[in-house]
>>> print(open('query.cif').read())   # mmCIF, C-alpha atoms
data_query
loop_
_atom_site.group_PDB
_atom_site.id
_atom_site.type_symbol
_atom_site.label_atom_id
_atom_site.label_comp_id
_atom_site.auth_asym_id
_atom_site.auth_seq_id
_atom_site.Cartn_x
_atom_site.Cartn_y
_atom_site.Cartn_z
ATOM 1 C CA SER A 21 1.577 -0.785 -7.184
ATOM 2 C CA ASN A 22 3.520 0.203 -4.072
ATOM 3 C CA PRO A 23 1.614 -0.646 -0.839
ATOM 4 C CA VAL A 24 3.179 2.271 1.058
ATOM 5 C CA VAL A 25 2.009 4.703 -1.625
ATOM 6 C CA GLN A 26 -1.471 3.130 -1.507
ATOM 7 C CA VAL A 27 -1.760 3.485 2.264
ATOM 8 C CA VAL A 28 -0.377 7.025 2.341
ATOM 9 C CA GLY A 29 -2.566 7.995 -0.615
ATOM 10 C CA GLY A 30 -5.601 6.357 0.994
ATOM 11 C CA THR A 31 -4.929 8.171 4.256
ATOM 12 C CA VAL A 32 -4.608 11.535 2.496
ATOM 13 C CA LEU A 33 -7.753 10.948 0.424
ATOM 14 C CA GLN A 34 -9.750 9.909 3.499
ATOM 15 C CA ALA A 35 -8.528 12.933 5.461
ATOM 16 C CA ALA A 36 -9.607 15.146 2.545
ATOM 17 C CA GLY A 37 -13.102 13.646 2.673
ATOM 18 C CA LYS A 38 -12.651 11.687 -0.557
ATOM 19 C CA THR A 39 -13.754 8.381 0.925
ATOM 20 C CA GLU A 40 -14.804 6.682 -2.326
ATOM 21 C CA GLU A 41 -11.431 7.434 -3.896
ATOM 22 C CA ALA A 42 -9.623 6.223 -0.753
ATOM 23 C CA VAL A 43 -11.562 2.945 -0.786
ATOM 24 C CA ALA A 44 -10.936 2.473 -4.516
ATOM 25 C CA LEU A 45 -7.190 2.987 -4.054
ATOM 26 C CA LEU A 46 -6.876 0.853 -0.917
ATOM 27 C CA SER A 47 -8.977 -1.958 -2.399
ATOM 28 C CA GLN A 48 -6.268 -2.510 -5.024
ATOM 29 C CA HIS A 49 -3.882 -3.798 -2.341
ATOM 30 C CA SER A 50 -2.375 -7.220 -2.706
ATOM 31 C CA GLY A 51 -1.598 -8.415 0.772
ATOM 32 C CA SER A 52 -1.091 -5.113 2.587
ATOM 33 C CA LEU A 53 -2.205 -5.379 6.208
ATOM 34 C CA ASP A 54 -1.972 -1.607 6.576
ATOM 35 C CA ALA A 55 -4.405 -1.176 3.677
ATOM 36 C CA VAL A 56 -6.750 -3.715 5.275
ATOM 37 C CA ALA A 57 -6.647 -1.880 8.615
ATOM 38 C CA LEU A 58 -7.360 1.465 6.969
ATOM 39 C CA LEU A 59 -10.201 0.005 4.889
ATOM 40 C CA VAL A 60 -11.744 -1.512 8.015
ATOM 41 C CA GLN A 61 -11.546 1.856 9.788
ATOM 42 C CA ILE A 62 -13.176 3.611 6.832
ATOM 43 C CA TYR A 63 -15.968 1.038 6.613
ATOM 44 C CA LEU A 64 -16.629 1.262 10.356
ATOM 45 C CA ALA A 65 -16.734 5.067 10.145
ATOM 46 C CA GLN A 66 -19.387 4.652 7.427
ATOM 47 C CA ASN A 67 -21.308 2.170 9.621
ATOM 48 C CA ARG A 68 -20.662 -0.496 6.986
ATOM 49 C CA ASN A 69 -19.926 -3.294 9.427
ATOM 50 C CA ASP A 70 -20.688 -5.834 6.693
ATOM 51 C CA LEU A 71 -17.879 -4.540 4.461
ATOM 52 C CA ALA A 72 -15.479 -4.232 7.407
ATOM 53 C CA LEU A 73 -16.180 -7.842 8.394
ATOM 54 C CA LYS A 74 -15.751 -8.997 4.787
ATOM 55 C CA GLU A 75 -12.353 -7.254 4.625
ATOM 56 C CA VAL A 76 -11.248 -8.863 7.911
ATOM 57 C CA LYS A 77 -12.362 -12.340 6.814
ATOM 58 C CA SER A 78 -10.513 -11.958 3.535
ATOM 59 C CA ALA A 79 -7.326 -10.853 5.318
ATOM 60 C CA ARG A 80 -7.675 -13.677 7.845
ATOM 61 C CA SER A 81 -7.408 -16.155 4.941
ATOM 62 C CA TRP A 82 -3.895 -14.976 4.023
ATOM 63 C CA ALA A 83 -2.615 -13.499 7.308
ATOM 64 C CA GLN A 84 -4.030 -15.824 9.958
ATOM 65 C CA ASP A 85 -1.987 -14.924 13.018
ATOM 66 C CA SER A 86 -1.375 -11.276 12.244
ATOM 67 C CA LEU A 87 -1.759 -8.902 15.168
ATOM 68 C CA LEU A 88 -3.145 -6.239 12.822
ATOM 69 C CA VAL A 89 -5.848 -8.622 11.572
ATOM 70 C CA ASN A 90 -6.697 -9.496 15.194
ATOM 71 C CA LEU A 91 -6.925 -5.798 15.966
ATOM 72 C CA ALA A 92 -9.149 -5.059 12.961
ATOM 73 C CA GLU A 93 -11.338 -8.026 13.874
ATOM 74 C CA SER A 94 -11.639 -6.603 17.396
ATOM 75 C CA TRP A 95 -12.756 -3.216 16.050
ATOM 76 C CA VAL A 96 -15.458 -4.992 14.072
ATOM 77 C CA GLY A 97 -16.297 -7.122 17.114
ATOM 78 C CA LEU A 98 -17.055 -4.049 19.193
ATOM 79 C CA ARG A 99 -19.650 -3.108 16.569
ATOM 80 C CA LYS A 100 -20.996 -6.621 16.119
ATOM 81 C CA GLY A 101 -21.624 -7.357 19.793
ATOM 82 C CA GLY A 102 -22.471 -10.593 21.547
ATOM 83 C CA GLU A 103 -19.585 -13.043 21.861
ATOM 84 C CA ALA A 104 -17.440 -10.735 19.734
ATOM 85 C CA TYR A 105 -17.164 -8.359 22.723
ATOM 86 C CA GLN A 106 -15.324 -11.019 24.709
ATOM 87 C CA GLN A 107 -13.008 -11.845 21.796
ATOM 88 C CA ALA A 108 -12.238 -8.140 21.337
ATOM 89 C CA PHE A 109 -11.556 -7.828 25.054
ATOM 90 C CA TYR A 110 -8.965 -10.632 24.937
ATOM 91 C CA VAL A 111 -7.068 -8.928 22.108
ATOM 92 C CA PHE A 112 -7.141 -5.493 23.750
ATOM 93 C CA GLU A 113 -6.234 -6.912 27.174
ATOM 94 C CA GLU A 114 -3.233 -8.725 25.706
ATOM 95 C CA LEU A 115 -2.066 -5.542 23.983
ATOM 96 C CA ALA A 116 -2.646 -3.399 27.078
ATOM 97 C CA GLN A 117 -0.779 -5.767 29.396
ATOM 98 C CA SER A 118 2.231 -6.357 27.146
ATOM 99 C CA PRO A 119 5.074 -3.909 27.868
ATOM 100 C CA ALA A 120 5.856 -3.705 24.143
ATOM 101 C CA SER A 121 2.350 -2.605 23.127
ATOM 102 C CA SER A 122 0.821 -1.088 26.261
ATOM 103 C CA SER A 123 -0.347 2.450 25.585
ATOM 104 C CA VAL A 124 -3.147 4.815 26.470
ATOM 105 C CA ARG A 125 -4.949 3.708 23.310
ATOM 106 C CA THR A 126 -4.781 -0.015 24.167
ATOM 107 C CA LEU A 127 -5.932 0.659 27.738
ATOM 108 C CA VAL A 128 -8.875 2.716 26.461
ATOM 109 C CA ALA A 129 -9.756 -0.031 23.969
ATOM 110 C CA GLN A 130 -9.630 -2.611 26.765
ATOM 111 C CA ALA A 131 -11.893 -0.386 28.890
ATOM 112 C CA VAL A 132 -14.394 0.020 26.039
ATOM 113 C CA ALA A 133 -14.566 -3.761 25.656
ATOM 114 C CA GLU A 134 -15.047 -4.063 29.439
ATOM 115 C CA LEU A 135 -17.907 -1.538 29.261
ATOM 116 C CA HIS A 136 -19.591 -3.522 26.498
ATOM 117 C CA LEU A 137 -19.328 -6.594 28.723
ATOM 118 C CA GLY A 138 -20.922 -4.697 31.627
ATOM 119 C CA ARG A 139 -17.746 -4.766 33.726
ATOM 120 C CA THR A 140 -17.688 -1.171 34.936
ATOM 121 C CA GLU A 141 -15.173 -1.629 37.764
ATOM 122 C CA GLU A 142 -12.627 -3.238 35.437
ATOM 123 C CA ALA A 143 -13.232 -0.496 32.870
ATOM 124 C CA GLN A 144 -12.604 2.106 35.576
ATOM 125 C CA VAL A 145 -9.247 0.496 36.459
ATOM 126 C CA ALA A 146 -8.099 0.437 32.811
ATOM 127 C CA LEU A 147 -9.179 4.050 32.245
ATOM 128 C CA GLU A 148 -7.428 5.212 35.416
ATOM 129 C CA GLN A 149 -4.242 3.496 34.188
ATOM 130 C CA ALA A 150 -4.647 5.334 30.871
ATOM 131 C CA ILE A 151 -5.077 8.670 32.672
ATOM 132 C CA GLN A 152 -1.955 7.963 34.751
ATOM 133 C CA LYS A 153 0.002 7.551 31.503
ATOM 134 C CA ASP A 154 -1.508 10.693 29.911
ATOM 135 C CA PRO A 155 -3.741 12.904 32.087
ATOM 136 C CA ALA A 156 -4.811 15.004 29.089
ATOM 137 C CA ASN A 157 -5.785 12.131 26.757
ATOM 138 C CA ALA A 158 -9.177 13.078 25.320
ATOM 139 C CA ASP A 159 -10.308 9.515 24.583
ATOM 140 C CA ALA A 160 -9.507 8.338 28.111
ATOM 141 C CA ILE A 161 -11.277 11.350 29.617
ATOM 142 C CA ALA A 162 -14.295 10.928 27.308
ATOM 143 C CA ASN A 163 -14.637 7.270 28.242
ATOM 144 C CA LEU A 164 -14.344 8.112 31.949
ATOM 145 C CA LEU A 165 -17.110 10.658 31.398
ATOM 146 C CA VAL A 166 -19.291 7.991 29.782
ATOM 147 C CA LEU A 167 -18.475 5.570 32.605
ATOM 148 C CA THR A 168 -19.513 8.075 35.282
ATOM 149 C CA ILE A 169 -22.816 8.634 33.484
ATOM 150 C CA ILE A 170 -23.408 4.872 33.164
ATOM 151 C CA THR A 171 -22.688 4.307 36.856
ATOM 152 C CA GLY A 172 -24.871 7.228 37.952
ATOM 153 C CA LYS A 173 -22.022 9.328 39.315
ATOM 154 C CA SER A 174 -21.562 13.037 38.745
ATOM 155 C CA PRO A 175 -19.841 13.650 35.381
ATOM 156 C CA GLU A 176 -18.860 17.292 36.038
ATOM 157 C CA GLU A 177 -15.176 16.610 36.791
ATOM 158 C CA TYR A 178 -14.583 14.695 33.552
ATOM 159 C CA SER A 179 -16.831 16.999 31.553
ATOM 160 C CA ALA A 180 -14.738 19.993 32.665
ATOM 161 C CA SER A 181 -11.510 18.086 31.995
ATOM 162 C CA LEU A 182 -12.648 17.160 28.487
ATOM 163 C CA ARG A 183 -13.698 20.766 27.775
ATOM 164 C CA LYS A 184 -10.248 21.920 28.907
ATOM 165 C CA ASN A 185 -8.215 19.305 27.007
ATOM 166 C CA ALA A 186 -10.348 18.788 23.886
ATOM 167 C CA PRO A 187 -13.030 21.484 23.571
ATOM 168 C CA ASP A 188 -14.048 20.218 20.107
ATOM 169 C CA HIS A 189 -14.429 16.573 21.170
ATOM 170 C CA PRO A 190 -17.468 14.937 19.476
ATOM 171 C CA LEU A 191 -18.780 13.672 22.833
ATOM 172 C CA LEU A 192 -19.126 17.237 24.128
ATOM 173 C CA ALA A 193 -21.025 18.288 21.013
ATOM 174 C CA ASP A 194 -23.272 15.233 21.337
ATOM 175 C CA LEU A 195 -23.962 15.886 25.030
ATOM 176 C CA GLU A 196 -24.789 19.535 24.333
ATOM 177 C CA GLU A 197 -27.139 18.531 21.513
ATOM 178 C CA LYS A 198 -28.904 15.949 23.705
ATOM 179 C CA SER A 199 -29.153 18.415 26.583
ATOM 180 C CA GLY A 200 -30.747 20.964 24.247
ATOM 181 C CA LEU A 201 -33.235 18.389 22.966
ATOM 182 C CA PHE A 202 -34.093 17.402 26.535
ATOM 183 C CA ASP A 203 -34.618 21.037 27.555
ATOM 184 C CA LYS A 204 -36.846 21.579 24.507
ATOM 185 C CA ALA A 205 -38.939 18.498 25.321
ATOM 186 C CA ALA A 206 -39.132 19.461 28.999
ATOM 187 C CA ALA A 207 -40.298 22.971 28.063
ATOM 188 C CA LYS A 208 -43.143 21.539 25.962
ATOM 189 C CA TYR A 209 -44.159 19.252 28.812
ATOM 190 C CA SER A 210 -44.006 21.959 31.491
ATOM 191 C CA ALA A 211 -46.057 24.307 29.280
ATOM 192 C CA LYS A 212 -48.822 21.681 29.098
ATOM 193 C CA VAL A 213 -48.698 21.026 32.860
ATOM 194 C CA SER A 214 -48.965 24.697 33.815
ATOM 195 C CA SER A 215 -51.961 25.413 31.528
#
>>> encode(input="query.cif", output="structure tokens")
Amino acid sequence: SNPVVQVVGGTVLQAAGKTEEAVALLSQHSGSLDAVALLVQIYLAQNRNDLALKEVKSARSWAQDSLLVNLAESWVGLRKGGEAYQQAFYVFEELAQSPASSSVRTLVAQAVAELHLGRTEEAQVALEQAIQKDPANADAIANLLVLTIITGKSPEEYSASLRKNAPDHPLLADLEEKSGLFDKAAAKYSAKVSS
């Protein structure tokens, strides 16, 4: 079957929430790197790192030096941790520094790898470069927000910027949920202290 039709069909099925059908269609590929990349993304979204890694290893056997396989392996590496963080960083750094592939997305990916490696200053530099390219990029803003929280700085500026540019961003929903849970726990504690 036609690999373009498979990838487009898989993308449409995944977007419609029909993940099992998307995986079934994409799994029929015979040497389509795009299908591999989409399968890896689906598996990672399902927290099935094992299946994502299996897909990458299989693709590595027939497309050894492919940039897309390196990229998919880096996505998995950010989930796997350990030495894989450093390997992912090298791929994202190379993409971010190359004029042909440098983009906000590659700079954000490089910054995320830097954060996983505990290199907050380097992450800050990459994220600031991303913001210079696109001041309204939600992923860059969200990662700057996370960075400010990690480094103990005030997150209000980036929180407001994210609310303005992407009010439905999952990070905002997560922060609001956690804040509500904290307030609920604090209320229980303060009720016990005052009695």
>>> atom_distance(input="query.cif", atom1="CA of Val32 in chain A", atom2="CA of Tyr63 in chain A")
16.0 Å
>>> resolve_selection(input="query.cif", expression="the PyMOL selection byres ((chain A and resi 59) around 8)", output="ChimeraX atom specification")
/A:43,46-47,55-58,60-63,72,75
>>> resolve_selection(input="query.cif", expression="the PyMOL selection byres ((chain A and resi 132-142) around 9)", output="ChimeraX atom specification")
/A:98,101-102,105-106,108-110,112,127-131,143-147,163,167,170-171
>>> closest_residue(input="query.cif", among="A:Gln66, A:Gln117, A:Ser179, A:Ser210", to="Gln149 in chain A", atoms="only C-alpha atoms")
A:Gln117
>>> atom_distance(input="query.cif", atom1="CA of His189 in chain A", atom2="CA of Ala35 in chain A")
17.2 Å
>>> closest_residue(input="query.cif", among="A:Ala92, A:Val25, A:Ile169, A:Ala205", to="Asn69 in chain A", atoms="only C-alpha atoms")
A:Ala92
>>> atom_distance(input="query.cif", atom1="CA of Ala83 in chain A", atom2="CA of Lys38 in chain A")
28.2 Å
>>> closest_residue(input="query.cif", among="A:Ser118, A:Leu45, A:Ser174, A:Ala160", to="Thr31 in chain A", atoms="only C-alpha atoms")
A:Leu45
>>> residues_near_point(input="query.cif", point="(-15.2, -8.1, 16.7)", cutoff="7 Å", atoms="all atoms listed in the file", output="PyMOL selection string")
chain A and resi 93-100+104-105+107-108
>>> closest_residue(input="query.cif", among="A:Leu53, A:Asn22, A:Arg68, A:Asp154", to="Gln84 in chain A", atoms="all atoms listed in the file")
A:Leu53
>>> closest_residue(input="query.cif", among="A:Ala206, A:Val166, A:Ala156, A:Val24", to="Ser52 in chain A", atoms="all atoms listed in the file")
A:Val24
>>> residues_around(input="query.cif", residues="Glu114 in chain A", least_positions_apart="6", cutoff="9 Å", atoms="all atoms listed in the file", output="list of chain:residue names")
A:Ser121, A:Ser122, A:Thr126, A:Gln130
>>> write_last_selection(input="query.cif", atoms="C-alpha atoms", output="short mmCIF file (atom, residue, chain, number, x, y, z; two decimals), in the frame of the given file")
data_model
loop_
_atom_site.label_atom_id
_atom_site.label_comp_id
_atom_site.auth_asym_id
_atom_site.auth_seq_id
_atom_site.Cartn_x
_atom_site.Cartn_y
_atom_site.Cartn_z
CA SER A 121 2.35 -2.60 23.13
CA SER A 122 0.82 -1.09 26.26
CA THR A 126 -4.78 -0.02 24.17
CA GLN A 130 -9.63 -2.61 26.76
#
>>> resolve_selection(input="query.cif", expression="the PyMOL selection byres ((chain A and resi 181) around 12)", output="list in words")
Ile151, Pro155, Ala156, Asn157, Ala158, Asp159, Ala160, Ile161, Ala162, Asn163, Leu164, Leu165, Pro175, Glu176, Glu177, Tyr178, Ser179, Ala180, Leu182, Arg183, Lys184, Asn185, Ala186, Pro187, His189 and Leu192 of chain A
>>> closest_residue(input="query.cif", among="A:Gly30, A:Lys153, A:Val76, A:Ala44", to="Leu64 in chain A", atoms="all atoms listed in the file")
A:Val76
>>> axis_aligned_box(input="query.cif", around="range 104-113 of chain A", padding_each_side="6 Å", output="JSON")
{"center_x": -11.8, "center_y": -8.7, "center_z": 23.5, "size_x": 23.2, "size_y": 18.4, "size_z": 19.4}
